[in-house]
Structure formats: structure tokens, C-alpha cells
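Q: Pasting upload-v7.txt here (compact mmCIF, C-alpha atoms and all ligand atoms):
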# COMPACT_ATOMS: atom_id res chain seq x y z
CA MET A 201 102.62 49.99 37.91
CA SER A 202 104.77 50.47 34.84
CA ALA A 203 107.78 48.30 34.01
CA THR A 204 110.08 51.29 34.55
CA THR A 205 108.65 51.99 37.98
CA ASN A 206 109.12 48.33 38.91
CA THR A 207 112.73 48.42 37.74
CA LEU A 208 113.48 51.53 39.80
CA TRP A 209 111.79 49.94 42.80
CA ALA A 210 113.78 46.72 42.33
CA ASP A 211 117.05 48.68 42.07
CA ALA A 212 116.29 50.49 45.31
CA LEU A 213 115.46 47.20 47.04
CA ALA A 214 118.68 45.61 45.80
CA ARG A 215 120.67 48.54 47.23
CA ARG A 216 118.89 48.21 50.57
CA PHE A 217 119.60 44.46 50.51
CA ALA A 218 123.31 45.18 50.13
CA GLU A 219 123.15 47.50 53.16
CA VAL A 220 121.34 44.91 55.26
CA TYR A 221 123.27 41.77 54.28
CA GLY A 222 126.56 43.17 53.01
CA THR A 223 126.30 41.57 49.53
CA GLU A 224 124.31 42.01 46.34
CA PRO A 225 121.17 39.87 45.92
CA ASP A 226 120.99 37.24 43.16
CA GLY A 227 117.89 38.97 41.84
CA VAL A 228 114.55 40.62 42.60
CA TRP A 229 111.08 39.12 42.08
CA ARG A 230 107.61 40.66 42.20
CA ALA A 231 104.19 39.17 42.92
CA PRO A 232 100.98 41.21 43.03
CA GLY A 233 98.02 41.20 45.39
CA ARG A 234 94.58 40.69 43.93
CA VAL A 235 91.05 41.98 43.93
CA ASN A 236 88.23 39.55 43.34
CA LEU A 237 85.95 41.28 40.85
CA ILE A 238 83.18 38.73 41.40
CA GLY A 239 82.69 35.11 42.47
CA GLU A 240 82.75 35.24 46.28
CA HIS A 241 82.63 32.09 48.41
CA THR A 242 82.39 30.07 45.20
CA ASP A 243 86.00 28.80 45.13
CA TYR A 244 85.61 26.11 47.80
CA ASN A 245 82.34 25.10 46.15
CA ASN A 246 84.17 24.16 42.94
CA GLY A 247 82.66 27.20 41.26
CA PHE A 248 83.75 30.19 39.18
CA VAL A 249 85.81 33.20 40.25
CA LEU A 250 86.99 36.30 38.40
CA PRO A 251 89.89 37.97 40.24
CA PHE A 252 92.49 40.30 38.81
CA ALA A 253 96.08 40.94 39.86
CA ILE A 254 96.50 44.54 41.03
CA ASP A 255 99.19 47.14 40.58
CA ARG A 256 100.32 46.64 44.18
CA SER A 257 102.91 43.98 44.83
CA ALA A 258 105.31 42.26 47.14
CA LEU A 259 108.91 42.59 46.00
CA VAL A 260 111.65 40.27 47.28
CA ALA A 261 115.41 40.51 46.84
CA VAL A 262 117.00 37.10 47.43
CA ARG A 263 120.49 35.68 47.64
CA LEU A 264 121.06 31.95 48.00
CA ARG A 265 123.78 30.74 50.34
CA THR A 266 126.32 28.74 48.45
CA PRO A 267 128.27 26.17 50.47
CA ALA A 268 131.58 27.78 49.57
CA SER A 269 130.47 31.20 50.79
CA GLU A 270 129.19 30.13 54.19
CA PRO A 271 130.43 28.36 57.29
CA GLU A 272 128.71 24.97 57.44
CA ALA A 273 126.66 25.88 60.50
CA GLU A 274 124.97 28.69 58.56
CA ALA A 275 124.27 26.77 55.38
CA ASP A 276 120.57 26.07 56.03
CA VAL A 277 119.71 29.32 57.79
CA VAL A 278 117.15 31.60 56.17
CA ARG A 279 117.44 35.24 57.22
CA LEU A 280 114.47 37.47 56.51
CA ALA A 281 113.81 41.19 56.72
CA SER A 282 110.70 43.14 55.79
CA THR A 283 110.21 46.87 55.50
CA PHE A 284 106.78 46.31 57.07
CA ALA A 285 107.66 46.92 60.70
CA PRO A 286 105.06 47.17 63.49
CA ASP A 287 106.25 50.59 64.63
CA GLY A 288 106.51 51.84 61.05
CA ALA A 289 110.26 52.24 61.37
CA GLY A 290 113.26 50.00 60.83
CA LEU A 291 112.97 46.44 59.57
CA SER A 292 111.03 43.48 60.84
CA ARG A 293 113.61 40.67 60.99
CA ALA A 294 113.28 36.93 61.48
CA GLN A 295 115.16 33.73 60.81
CA PHE A 296 114.64 29.99 60.68
CA ARG A 297 116.53 26.81 59.80
CA ILE A 298 115.44 24.68 56.87
CA GLY A 299 116.47 21.42 58.56
CA GLY A 300 113.54 19.86 60.45
CA LEU A 301 111.08 22.54 59.33
CA GLU A 302 107.60 21.69 60.69
CA PRO A 303 104.27 23.55 60.79
CA ASP A 304 103.93 25.46 64.09
CA GLY A 305 107.73 25.63 64.21
CA VAL A 306 107.90 29.12 62.72
CA GLY A 307 105.73 32.00 63.93
CA GLY A 308 104.89 35.49 62.66
CA TRP A 309 105.31 36.52 59.07
CA ALA A 310 108.31 34.16 58.61
CA ALA A 311 105.71 31.36 58.42
CA TYR A 312 104.85 32.44 54.87
CA PRO A 313 108.35 32.12 53.35
CA ALA A 314 108.96 29.05 55.56
CA GLY A 315 105.74 27.50 54.29
CA VAL A 316 106.93 27.92 50.72
CA VAL A 317 110.26 26.22 51.51
CA TYR A 318 108.35 23.42 53.25
CA ALA A 319 105.99 23.02 50.27
CA LEU A 320 108.87 23.01 47.78
CA ALA A 321 110.54 20.20 49.72
CA ARG A 322 107.35 18.18 50.27
CA GLN A 323 105.57 18.73 46.98
CA ALA A 324 108.35 19.32 44.47
CA GLY A 325 111.15 17.34 46.09
CA ALA A 326 113.33 20.45 45.99
CA SER A 327 116.28 20.74 48.29
CA VAL A 328 116.39 24.41 49.22
CA PRO A 329 119.61 25.85 50.64
CA GLY A 330 119.65 28.73 53.13
CA PHE A 331 119.05 32.20 51.73
CA ASP A 332 118.82 35.86 52.66
CA LEU A 333 115.69 37.79 51.74
CA LEU A 334 114.51 41.39 51.91
CA LEU A 335 110.80 42.09 51.38
CA ASP A 336 109.03 45.32 50.53
CA SER A 337 105.32 45.31 49.73
CA THR A 338 102.71 47.83 48.65
CA VAL A 339 99.83 45.41 49.23
CA PRO A 340 98.04 46.55 52.38
CA VAL A 341 98.21 43.87 55.08
CA GLY A 342 94.96 42.31 56.24
CA ALA A 343 92.76 44.28 53.82
CA GLY A 344 91.60 41.15 52.00
CA LEU A 345 93.81 41.88 48.98
CA SER A 346 95.97 38.83 49.69
CA SER A 347 99.17 40.40 50.93
CA SER A 348 100.04 36.94 52.30
CA HIS A 349 99.82 35.26 48.90
CA ALA A 350 101.82 38.06 47.34
CA VAL A 351 104.63 37.22 49.76
CA GLU A 352 104.35 33.46 49.16
CA VAL A 353 104.19 33.75 45.39
CA ALA A 354 107.16 36.16 45.28
CA VAL A 355 109.25 33.74 47.37
CA ALA A 356 108.13 30.76 45.27
CA ALA A 357 108.95 32.59 42.03
CA ALA A 358 112.40 33.52 43.32
CA LEU A 359 113.29 30.00 44.47
CA ASN A 360 111.81 28.45 41.32
CA ASP A 361 114.15 30.58 39.19
CA LEU A 362 117.23 30.42 41.39
CA LEU A 363 117.07 26.65 41.83
CA GLY A 364 116.07 26.05 38.20
CA LEU A 365 113.01 24.04 39.24
CA GLY A 366 111.07 24.85 36.08
CA LEU A 367 107.69 24.90 37.85
CA GLY A 368 104.77 26.37 35.88
CA ALA A 369 102.08 28.69 37.23
CA PRO A 370 99.53 25.93 38.06
CA GLU A 371 102.17 23.96 40.00
CA MET A 372 103.24 27.07 41.87
CA ALA A 373 99.60 27.83 42.66
CA HIS A 374 99.25 24.39 44.26
CA LEU A 375 102.53 24.78 46.12
CA THR A 376 101.59 28.08 47.67
CA GLN A 377 98.14 26.74 48.54
CA TYR A 378 99.85 23.82 50.29
CA ALA A 379 102.11 26.29 52.10
CA GLU A 380 99.17 28.35 53.32
CA ASN A 381 96.93 25.37 54.20
CA GLU A 382 99.45 22.95 55.70
CA PHE A 383 102.12 25.23 57.11
CA VAL A 384 100.48 28.55 57.96
CA GLY A 385 97.20 26.79 58.77
CA ALA A 386 94.85 29.05 56.79
CA PRO A 387 92.13 27.16 54.86
CA THR A 388 92.38 29.18 51.64
CA GLY A 389 91.54 28.05 48.12
CA ILE A 390 93.43 28.35 44.85
CA MET A 391 92.11 31.71 43.64
CA ASP A 392 94.44 34.25 45.23
CA GLN A 393 97.72 32.73 44.18
CA SER A 394 96.38 31.92 40.70
CA ALA A 395 95.59 35.59 40.18
CA SER A 396 98.98 36.62 41.53
CA LEU A 397 100.73 34.15 39.23
CA MET A 398 98.66 34.39 36.06
CA GLY A 399 97.25 37.93 36.09
CA LYS A 400 97.57 39.97 32.90
CA GLU A 401 97.66 43.73 32.55
CA GLY A 402 94.25 44.91 31.39
CA GLY A 403 92.57 41.57 32.09
CA ALA A 404 90.81 39.50 34.74
CA LEU A 405 91.40 35.80 35.35
CA PHE A 406 88.31 33.69 34.76
CA LEU A 407 89.04 30.58 36.78
CA ASP A 408 87.02 27.40 37.03
CA CYS A 409 87.89 26.11 40.50
CA ARG A 410 86.75 22.58 39.59
CA SER A 411 88.79 21.96 36.43
CA LEU A 412 91.31 24.73 37.21
CA ASP A 413 90.96 25.85 33.58
CA SER A 414 91.67 29.54 33.35
CA GLU A 415 91.30 32.24 30.76
CA THR A 416 92.11 35.93 30.66
CA VAL A 417 89.05 38.07 30.02
CA PRO A 418 89.56 41.69 28.93
CA LEU A 419 89.01 44.30 31.64
CA PRO A 420 89.85 47.55 29.83
CA LEU A 421 88.99 49.94 32.65
CA ALA A 422 91.12 52.89 31.58
CA GLU A 423 89.95 52.67 27.96
CA HIS A 424 86.39 53.14 29.16
CA GLY A 425 87.31 55.96 31.55
CA LEU A 426 86.65 53.66 34.51
CA GLN A 427 88.43 52.73 37.70
CA VAL A 428 88.07 50.27 40.51
CA LEU A 429 88.16 52.05 43.85
CA VAL A 430 89.14 49.90 46.83
CA ILE A 431 87.62 50.89 50.15
CA ASP A 432 89.59 49.19 52.90
CA THR A 433 87.38 49.43 55.98
CA ARG A 434 90.39 48.53 58.16
CA VAL A 435 88.18 46.39 60.37
CA VAL A 436 88.41 42.65 60.88
CA HIS A 437 85.59 41.29 62.98
CA SER A 438 86.48 38.73 65.60
CA HIS A 439 84.06 36.13 64.21
CA ALA A 440 85.71 36.16 60.75
CA ASP A 441 87.41 32.76 61.11
CA GLY A 442 84.43 31.08 62.75
CA GLY A 443 82.07 32.64 60.22
CA TYR A 444 84.15 31.35 57.32
CA SER A 445 84.18 27.76 58.60
CA ALA A 446 80.46 27.91 59.35
CA ARG A 447 79.77 29.01 55.75
CA ARG A 448 81.92 26.21 54.36
CA SER A 449 80.06 23.68 56.50
CA ALA A 450 76.69 25.05 55.41
CA CYS A 451 77.69 24.62 51.76
CA GLU A 452 78.86 21.05 52.39
CA ARG A 453 75.64 20.33 54.25
CA GLY A 454 73.62 21.76 51.37
CA ALA A 455 75.48 19.72 48.75
CA ALA A 456 75.02 16.52 50.80
CA ALA A 457 71.30 17.17 51.24
CA LEU A 458 70.96 17.75 47.50
CA GLY A 459 72.87 14.54 46.78
CA VAL A 460 75.75 16.17 44.85
CA PRO A 461 79.50 16.14 45.53
CA SER A 462 79.68 19.95 45.51
CA LEU A 463 77.35 22.87 44.87
CA ARG A 464 78.77 23.09 41.36
CA GLU A 465 76.88 19.93 40.47
CA VAL A 466 73.43 21.19 41.48
CA PRO A 467 71.36 20.94 38.27
CA ALA A 468 69.84 24.14 36.90
CA GLY A 469 66.37 24.71 38.32
CA ALA A 470 66.79 22.15 41.11
CA SER A 471 64.37 22.64 43.99
CA LEU A 472 65.92 23.84 47.24
CA ASP A 473 62.66 23.32 49.18
CA GLY A 474 64.01 20.35 51.12
CA LEU A 475 66.73 22.46 52.75
CA ASP A 476 66.29 24.26 56.03
CA GLU A 477 65.80 28.00 55.67
CA GLU A 478 69.37 29.02 56.49
CA THR A 479 71.06 26.39 54.33
CA ARG A 480 68.73 27.31 51.47
CA ARG A 481 69.91 30.92 51.55
CA ARG A 482 73.57 29.87 51.67
CA VAL A 483 73.10 27.56 48.69
CA ARG A 484 71.07 30.17 46.82
CA HIS A 485 73.96 32.63 47.10
CA VAL A 486 76.50 30.19 45.70
CA LEU A 487 74.31 29.14 42.76
CA ALA A 488 73.40 32.73 41.87
CA GLU A 489 76.99 33.94 42.32
CA ASN A 490 78.30 31.34 39.85
CA GLU A 491 75.67 32.56 37.38
CA ARG A 492 76.72 36.19 37.94
CA VAL A 493 80.36 35.35 37.23
CA LEU A 494 79.34 33.87 33.88
CA GLN A 495 77.24 36.94 33.10
CA VAL A 496 80.10 39.31 33.97
CA VAL A 497 82.43 37.30 31.72
CA GLU A 498 79.88 37.55 28.92
CA GLN A 499 79.58 41.34 29.34
CA LEU A 500 83.34 41.79 29.38
CA ARG A 501 83.77 39.68 26.25
CA ALA A 502 81.22 42.00 24.61
CA ASP A 503 83.29 45.00 25.79
CA ASN A 504 80.42 46.19 27.98
CA VAL A 505 82.38 47.06 31.11
CA VAL A 506 79.75 49.49 32.40
CA GLY A 507 77.24 46.64 32.13
CA ILE A 508 78.89 44.64 34.91
CA GLY A 509 78.06 47.27 37.55
CA ASN A 510 74.61 45.92 38.42
CA LEU A 511 75.96 42.39 38.69
CA LEU A 512 78.56 43.54 41.22
CA THR A 513 75.88 45.25 43.27
CA ALA A 514 73.64 42.16 43.09
CA SER A 515 76.57 40.09 44.35
CA HIS A 516 76.84 42.35 47.38
CA ALA A 517 73.12 42.06 48.19
CA SER A 518 73.39 38.27 48.00
CA LEU A 519 76.48 38.18 50.25
CA ARG A 520 74.76 40.51 52.70
CA ASP A 521 71.29 38.94 52.82
CA ASP A 522 71.66 35.29 51.80
CA PHE A 523 75.23 34.43 52.73
CA GLU A 524 75.41 36.92 55.64
CA VAL A 525 79.13 37.63 55.48
CA SER A 526 78.98 41.42 55.19
CA CYS A 527 79.16 43.86 58.10
CA PRO A 528 77.97 47.42 58.77
CA GLU A 529 81.24 48.98 57.52
CA LEU A 530 81.17 47.07 54.21
CA ASP A 531 77.47 47.82 53.68
CA LEU A 532 78.08 51.50 54.34
CA ALA A 533 81.02 51.58 51.91
CA VAL A 534 78.87 50.02 49.18
CA ASP A 535 75.80 52.17 49.83
CA ALA A 536 77.76 55.42 50.03
CA ALA A 537 79.69 54.65 46.83
CA LEU A 538 76.50 53.80 44.93
CA ALA A 539 74.72 56.92 46.21
CA ALA A 540 77.66 59.01 44.96
CA GLY A 541 77.38 57.57 41.46
CA ALA A 542 79.39 54.32 41.44
CA LEU A 543 78.24 52.00 38.64
CA GLY A 544 78.39 49.01 40.96
CA ALA A 545 79.92 48.07 44.30
CA ARG A 546 80.41 45.02 46.48
CA MET A 547 82.41 43.61 49.34
CA THR A 548 85.38 41.60 48.10
CA GLY A 549 87.17 38.79 49.89
CA GLY A 550 85.84 36.58 52.66
CA GLY A 551 83.84 39.30 54.44
CA PHE A 552 83.27 40.31 58.09
CA GLY A 553 85.57 43.28 57.39
CA GLY A 554 88.31 43.87 54.86
CA SER A 555 87.63 45.74 51.64
CA ALA A 556 84.83 46.70 49.30
CA ILE A 557 85.29 47.65 45.65
CA ALA A 558 83.39 50.18 43.60
CA LEU A 559 83.38 50.45 39.82
CA ILE A 560 83.46 54.18 39.14
CA ARG A 561 83.95 56.66 36.32
CA GLN A 562 87.36 58.29 36.57
CA ASP A 563 85.66 61.69 36.67
CA ASP A 564 83.67 60.66 39.74
CA GLU A 565 86.64 59.56 41.82
CA GLU A 566 86.87 62.63 44.06
CA ARG A 567 83.12 62.72 44.63
CA VAL A 568 82.89 59.04 45.56
CA ARG A 569 85.92 59.25 47.84
CA ALA A 570 84.52 62.29 49.65
CA ALA A 571 81.09 60.69 50.01
CA VAL A 572 82.48 57.46 51.47
CA LEU A 573 84.72 59.30 53.92
CA ALA A 574 81.87 61.55 55.02
CA ALA A 575 79.56 58.57 55.54
CA PHE A 576 82.16 56.85 57.75
CA VAL A 577 82.69 59.98 59.81
CA GLU A 578 78.96 60.39 60.28
CA LYS A 579 78.61 56.82 61.60
CA GLY A 580 81.65 57.22 63.83
CA PHE A 581 83.45 54.36 62.04
CA ARG A 582 87.21 54.22 61.72
CA GLU A 583 88.45 56.14 58.66
CA PRO A 584 88.75 53.76 55.70
CA ALA A 585 91.75 53.67 53.34
CA LEU A 586 90.80 54.47 49.74
CA PHE A 587 92.85 53.78 46.64
CA THR A 588 92.31 52.83 43.01
CA VAL A 589 93.71 49.71 41.39
CA LEU A 590 94.28 48.56 37.83
CA PRO A 591 94.61 45.02 36.47
CA ALA A 592 98.33 44.22 36.36
CA ASP A 593 100.66 41.45 35.23
CA GLY A 594 101.27 38.44 37.45
CA ALA A 595 104.47 37.43 39.21
CA GLY A 596 107.93 37.38 37.67
CA ARG A 597 111.52 38.45 37.89
CA VAL A 598 111.97 42.21 37.69
P1 LIG B 1 95.72 39.38 53.66
O1 LIG B 1 94.27 39.48 53.35
O2 LIG B 1 96.41 40.70 53.51
O3 LIG B 1 96.40 38.27 52.93
P2 LIG B 1 96.41 37.74 55.88
O4 LIG B 1 96.07 37.81 57.32
O5 LIG B 1 96.11 36.51 55.12
O6 LIG B 1 95.77 39.03 55.21
O7 LIG B 1 97.97 37.97 55.70
C1 LIG B 1 98.62 39.03 56.35
C2 LIG B 1 99.92 38.53 56.93
O8 LIG B 1 100.86 38.30 55.85
C3 LIG B 1 100.59 39.51 57.84
O9 LIG B 1 100.10 39.43 59.16
C4 LIG B 1 102.05 39.08 57.74
O10 LIG B 1 102.29 37.95 58.55
C5 LIG B 1 102.16 38.65 56.28
N1 LIG B 1 102.63 39.77 55.44
C6 LIG B 1 102.00 40.33 54.39
N2 LIG B 1 102.74 41.35 53.87
C7 LIG B 1 103.85 41.43 54.61
C8 LIG B 1 105.00 42.28 54.60
N3 LIG B 1 105.14 43.26 53.71
N4 LIG B 1 105.95 42.06 55.54
C9 LIG B 1 105.82 41.10 56.46
N5 LIG B 1 104.76 40.28 56.52
C10 LIG B 1 103.79 40.43 55.62
MG MG B 2 95.86 36.21 53.10
Output the file's structure in the form of C-alpha cells.
A:
Amino acid sequence: MSATTNTLWADALARRFAEVYGTEPDGVWRAPGRVNLIGEHTDYNNGFVLPFAIDRSALVAVRLRTPASEPEAEADVVRLASTFAPDGAGLSRAQFRIGGLEPDGVGGWAAYPAGVVYALARQAGASVPGFDLLLDSTVPVGAGLSSSHAVEVAVAAALNDLLGLGLGAPEMAHLTQYAENEFVGAPTGIMDQSASLMGKEGGALFLDCRSLDSETVPLPLAEHGLQVLVIDTRVVHSHADGGYSARRSACERGAAALGVPSLREVPAGASLDGLDEETRRRVRHVLAENERVLQVVEQLRADNVVGIGNLLTASHASLRDDFEVSCPELDLAVDAALAAGALGARMTGGGFGGSAIALIRQDDEERVRAAVLAAFVEKGFREPALFTVLPADGAGRV
């Protein structure tokens, strides 16, 4: 999304804030969702990932309560409103008190902003006053594009600026991870918020999850007449959480059996023969996926964007067959896109539902869309949501 569009959007949100809370906000901050181009289930194995921030974001307008402007009883109250309302109309409102904030103490979507406040206090020693917040987001919720991290990063960016905390992107990445792990209770890694914080327009973020070194790699899609089409299957299978923990355990089991601290330390060419059949396939996926990330980075550095297509498709096959985290809807999305001419396609995110991505030529967009929709109708699956994304800049004040 262009800077002008973001400014217009921020102006509109500030006006809405004034209607809701009766005063102007102190400012407006934006944080994008992300697509993981490749490197799936490698983050918690200390491996490589290559996400990019997308041109869909969470936007927050925030006003801090100042002691002089508030009765004392209200000073540590946080009032929240989101345009994402269950019935599609009105606002979804919530509030909590900062004093005595504890995990499990705040439910619903308020847990994400509350988690950030909690993390700022615990991890950065910040004393956060009450504030009013209005949220509007174009990141689809629950599609695996990290709408939750977009919210957390936007809130963290706002409070970092308003309280003059001077936190850098890596510190904010840790803070929002702490918020999501310790407060919300979701066992996520460092990838999503890193992409949301450090993304660059026209680039992907090559992140080493062991050293946390990161580098922007060019991803000039438009220049090559290409696009990334997201196919949100709009299904989340009930075994998603259990499946995720089981995969993490299998990887830990594999690393222990191979005598290494994490799968990142498995030496090249090491024999996996001593592992049971299932663990061997799990480990094989992680090792091959790390290799594929490096190969994609190499292709992108050589400006061969088309050349990454086969690696994306190979990643999907490995996630489907060896890691077993795909599902019929994701497989259908990938197969239908490839049959209609996509250069490569794969599930993205944790799996068991959520979204797939397809690398397509701009000229093929209508054909691929129609083919995917027709394939879903034929199978009697729920209609997927289709939209294209471009690599965008990370979080900041608008
Ligand atoms: P995702 O893959 O989209 O991050 P999660 O289940 O991790 O899926 O996070 C989705 C949750 O994040 C929602 O259920 C809601 O609590 C919160 N959330 C995300 N976007 C919004 C929004 N615009 N308004 C309110 N809550 C939101
Ligand atoms: Mg999430």
C-alpha cells in the first residue's frame, strides 16, 4: 500500500477515534501481516526462514491518559475498540486495568494489547499509563498471515514512541514474542513479528532463527511481472494445536536421538537410519527445508525470481508427505494453482488449514483464481478467499 494511501487511512482512523473517544489521538501506527515465502516449521528448530511483510496491516490510533486529564480512578484503564466486530457492524469494545495485569486475566482480542503492556512492564521495565486505542486491520483474521502479531507490533510501536522507550526492532520482536507466549499463551517463534517489524518494500527478510541475524533479500515481484496470490482456505482443522505440539516434540526427539541441541546442528550428510520411520520423515523435512531456504535466497540474490517456483512447490510436497501438516484444502489450492500455470505454490504458516501461496505471472491471475475457485466448488469445499500481496515496509508511525 502506498504512503499516500496509508496517510489517508490514518486520517480516517484518527477522525473515527475522535468520534469514539471524544478527543484526538496522539498518533497513528501501522504494522503489517506477513507471508512466509519459505522456511516452514524451521523457526523452532533454530533454522532459516524467509518471510515478507505484506501490504495488509493493522492500524492503531492511540492516546495516552495523562494524570492531569483523568480522574485518578481511570488513570490505569485501557479502553480498546476494533472495527473487526463479530456481526460485521459496529465496534468490538473491551477494557482492562494495567494494575495487577496477569495472564488469563484478560480474554478475547484484548489479550493481545494487554500482553504487550505486560511484556513492556516485565521485559523493559516500562511503566505504561492507561490509554485509549482504536484498531482497524486489513489482515484477515485466522488466515495464517499473523493478524495477531500485526496487532501486537502496532501496539508495541505506538507505546515505544509515545513513552520514548527507544526500543529497537530486535527488542520489540522479543517483547511481542513474550507477550504472545507468556500472556496470550500461544507458543509462537520470532519470525512473524520480525517480519512485521523489519520488512522492506520489495524485499523478503532472511532470518537465521539461531543467531537472529537478518538480512533483506530482494524480492522484485512487480519488476518481473509476478505476483504472490494468497489462497485463504478459511478452514482451521480442530487438530491444529495438537498437531503443532506433536511436530515440535518430534523435532526435539529427533535432535536428542542424533545427539545435537537442535536440528540446526545436524551435520551435512548425517545418517538418519537410527530414527524411527516417523521421526526420520519429520527430521528430513526440517533439514531439506533449511536447504531450500538457502537456495531460494541464492536465486533471489541472482535476480532469478522465476527460479524459486520449483523450490516452493518442493517445500509443499515435503510439508505434505514428510511433515504431514497439510490438509485436503491446502493440497487442492496448490494443485489447482499449479495446474493453471502457477510457477510454484505451497502452504504457508503452521498448516492444518489457513493459507497457501502461489507465485504467478500477473497475466495469469484471472486464470489461476478461476481455476482455484472452480476446483473448490467441485470438491464441495468452502469458497476460499483469494488476494494478491506485495512485499511492504515494516511497522512505523504513519
Ligand atoms: P492469525 O494467524 O491471523 O494471527 P491468530 O489466531 O493467531 O490468527 O490471531 C487471531 C486473533 O487476533 C483474533 O482472534 C483476535 O483475537 C486478534 N485480532 C487480529 N486482528 C484483529 C482485529 N482487527 N480486531 C480485533 N482482534 C484482532
Ligand atoms: Mg497469530
Q: Go ahead and compute the interatomic distance for CA of Gly454 in chain A and CA of Cys527 in chain A, in Å to one decimal.
A: 23.8 Å
Q: Find, counting all atoms listed in the file, the residue in A:Gly227, A:His241, A:Thr588, A:Val568 that gets nearest to Leu421 in chain A.
A: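 Among the listed residues, the smallest separation from Leu421 in chain A belongs to A:Thr588.
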Q: Find the residues around Leu586 in chain A up to 10 Å (only C-alpha atoms counted), leave out those fewer than 3 positions away in its own chain, and share them as a PDB file with C-alpha atoms, in the coordinates of the input.
A:
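Once everything was written out, this is around.pdb:
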ATOM      1  CA  LEU A 429      88.160  52.050  43.850  1.00  0.00           C
ATOM      2  CA  VAL A 430      89.140  49.900  46.830  1.00  0.00           C
ATOM      3  CA  ILE A 431      87.620  50.890  50.150  1.00  0.00           C
ATOM      4  CA  ASP A 432      89.590  49.190  52.900  1.00  0.00           C
ATOM      5  CA  THR A 433      87.380  49.430  55.980  1.00  0.00           C
ATOM      6  CA  SER A 555      87.630  45.740  51.640  1.00  0.00           C
ATOM      7  CA  ALA A 556      84.830  46.700  49.300  1.00  0.00           C
ATOM      8  CA  ILE A 557      85.290  47.650  45.650  1.00  0.00           C
ATOM      9  CA  ARG A 569      85.920  59.250  47.840  1.00  0.00           C
ATOM     10  CA  VAL A 572      82.480  57.460  51.470  1.00  0.00           C
ATOM     11  CA  LEU A 573      84.720  59.300  53.920  1.00  0.00           C
ATOM     12  CA  GLU A 583      88.450  56.140  58.660  1.00  0.00           C
TER      13      GLU A 583
END
Q: Give the residues close to ligand MG 2 (chain B), within 7 Å, counting only C-alpha atoms and all ligand atoms; write them as a PDB file with C-alpha atoms, keeping the file's coordinate frame.
A:
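Output file out.pdb is given in full below:
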ATOM      1  CA  GLY A 342      94.960  42.310  56.240  1.00  0.00           C
ATOM      2  CA  GLY A 344      91.600  41.150  52.000  1.00  0.00           C
ATOM      3  CA  SER A 346      95.970  38.830  49.690  1.00  0.00           C
ATOM      4  CA  SER A 347      99.170  40.400  50.930  1.00  0.00           C
ATOM      5  CA  SER A 348     100.040  36.940  52.300  1.00  0.00           C
ATOM      6  CA  HIS A 349      99.820  35.260  48.900  1.00  0.00           C
TER       7      HIS A 349
END
Q: Calculate, to one decimal in Å, the centre and edge lengths of the box along x, y and z of the file that holds all listed atoms of range 476-483 of chain A with 5 Å of margin on each side, and present them as AutoDock Vina command-line options.
A:
--center_x 69.7 --center_y 27.6 --center_z 52.6 --size_x 17.8 --size_y 16.7 --size_z 17.8
Q: Could you give me, as CSV, a per-residue list for chain A showing, wherever an atom lies at most 9 Å from an atom of ligand LIG 1 (chain B), the closest pair of atoms and their distance in Å to one decimal, using only C-alpha atoms and all ligand atoms and sorting by chain then residue number from low to high?
A:
residue,atom,partner,partner_atom,distance
A:Gly233,CA,B:LIG1,O3,8.2
A:Ala258,CA,B:LIG1,N3,6.6
A:Leu259,CA,B:LIG1,N3,8.6
A:Ala281,CA,B:LIG1,C9,8.0
A:Ser282,CA,B:LIG1,N4,4.9
A:Thr283,CA,B:LIG1,N4,6.4
A:Phe284,CA,B:LIG1,N4,4.6
A:Ala285,CA,B:LIG1,N4,7.3
A:Ser292,CA,B:LIG1,C9,7.2
A:Gly307,CA,B:LIG1,O10,8.7
A:Gly308,CA,B:LIG1,O10,5.5
A:Trp309,CA,B:LIG1,O10,3.4
A:Ala310,CA,B:LIG1,O10,7.1
A:Ala311,CA,B:LIG1,O10,7.4
A:Tyr312,CA,B:LIG1,C5,6.9
A:Leu335,CA,B:LIG1,N3,6.2
A:Asp336,CA,B:LIG1,N3,5.4
A:Ser337,CA,B:LIG1,N3,4.5
A:Thr338,CA,B:LIG1,N3,7.2
A:Val339,CA,B:LIG1,N2,6.8
A:Pro340,CA,B:LIG1,O2,6.2
A:Val341,CA,B:LIG1,O2,4.0
A:Gly342,CA,B:LIG1,O2,3.5
A:Ala343,CA,B:LIG1,O1,5.1
A:Gly344,CA,B:LIG1,O1,3.4
A:Leu345,CA,B:LIG1,O1,5.0
A:Ser346,CA,B:LIG1,O3,3.3
A:Ser347,CA,B:LIG1,O2,3.8
A:Ser348,CA,B:LIG1,O8,3.9
A:His349,CA,B:LIG1,O3,6.1
A:Ala350,CA,B:LIG1,N2,7.4
A:Val351,CA,B:LIG1,N2,6.1
A:Glu352,CA,B:LIG1,C6,8.9
A:Glu380,CA,B:LIG1,O5,8.9
A:Ala386,CA,B:LIG1,O5,7.7
A:Thr388,CA,B:LIG1,O5,8.9
A:Asp392,CA,B:LIG1,O3,8.9
A:Gly549,CA,B:LIG1,O1,7.9
A:Gly550,CA,B:LIG1,O1,8.9
A:Gly554,CA,B:LIG1,O1,7.6
Q: I need the residue nearest Thr207 in chain A from this list: A:Ile560, A:Ala404, A:Ala592, A:Val228. Use only C-alpha atoms for the distance.
A: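 The answer is A:Val228, which sits nearest to Thr207 in chain A.
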Q: Given the block above, output range 368-393 of chain A with C-alpha atoms as a CSV table (one decimal), in the first residue's frame.
A:
chain,number,residue,atom,x,y,z
A,368,GLY,CA,14.9,-1.3,18.5
A,369,ALA,CA,13.3,-3.8,16.2
A,370,PRO,CA,15.0,-6.9,17.7
A,371,GLU,CA,14.0,-5.9,21.3
A,372,MET,CA,10.4,-5.3,20.1
A,373,ALA,CA,10.4,-8.7,18.4
A,374,HIS,CA,11.4,-10.3,21.7
A,375,LEU,CA,8.8,-8.3,23.6
A,376,THR,CA,5.9,-9.3,21.3
A,377,GLN,CA,7.1,-12.9,21.4
A,378,TYR,CA,7.0,-12.7,25.2
A,379,ALA,CA,3.5,-11.2,25.0
A,380,GLU,CA,2.2,-14.0,22.7
A,381,ASN,CA,4.0,-16.8,24.6
A,382,GLU,CA,3.5,-15.8,28.2
A,383,PHE,CA,0.4,-13.7,28.2
A,384,VAL,CA,-1.8,-15.0,25.3
A,385,GLY,CA,-0.4,-18.5,25.7
A,386,ALA,CA,0.4,-19.2,22.0
A,387,PRO,CA,3.8,-21.0,21.5
A,388,THR,CA,4.9,-18.9,18.5
A,389,GLY,CA,8.5,-18.2,17.5
A,390,ILE,CA,10.2,-15.0,16.5
A,391,MET,CA,9.5,-15.0,12.7
A,392,ASP,CA,6.2,-13.2,12.4
A,393,GLN,CA,6.9,-10.2,14.5
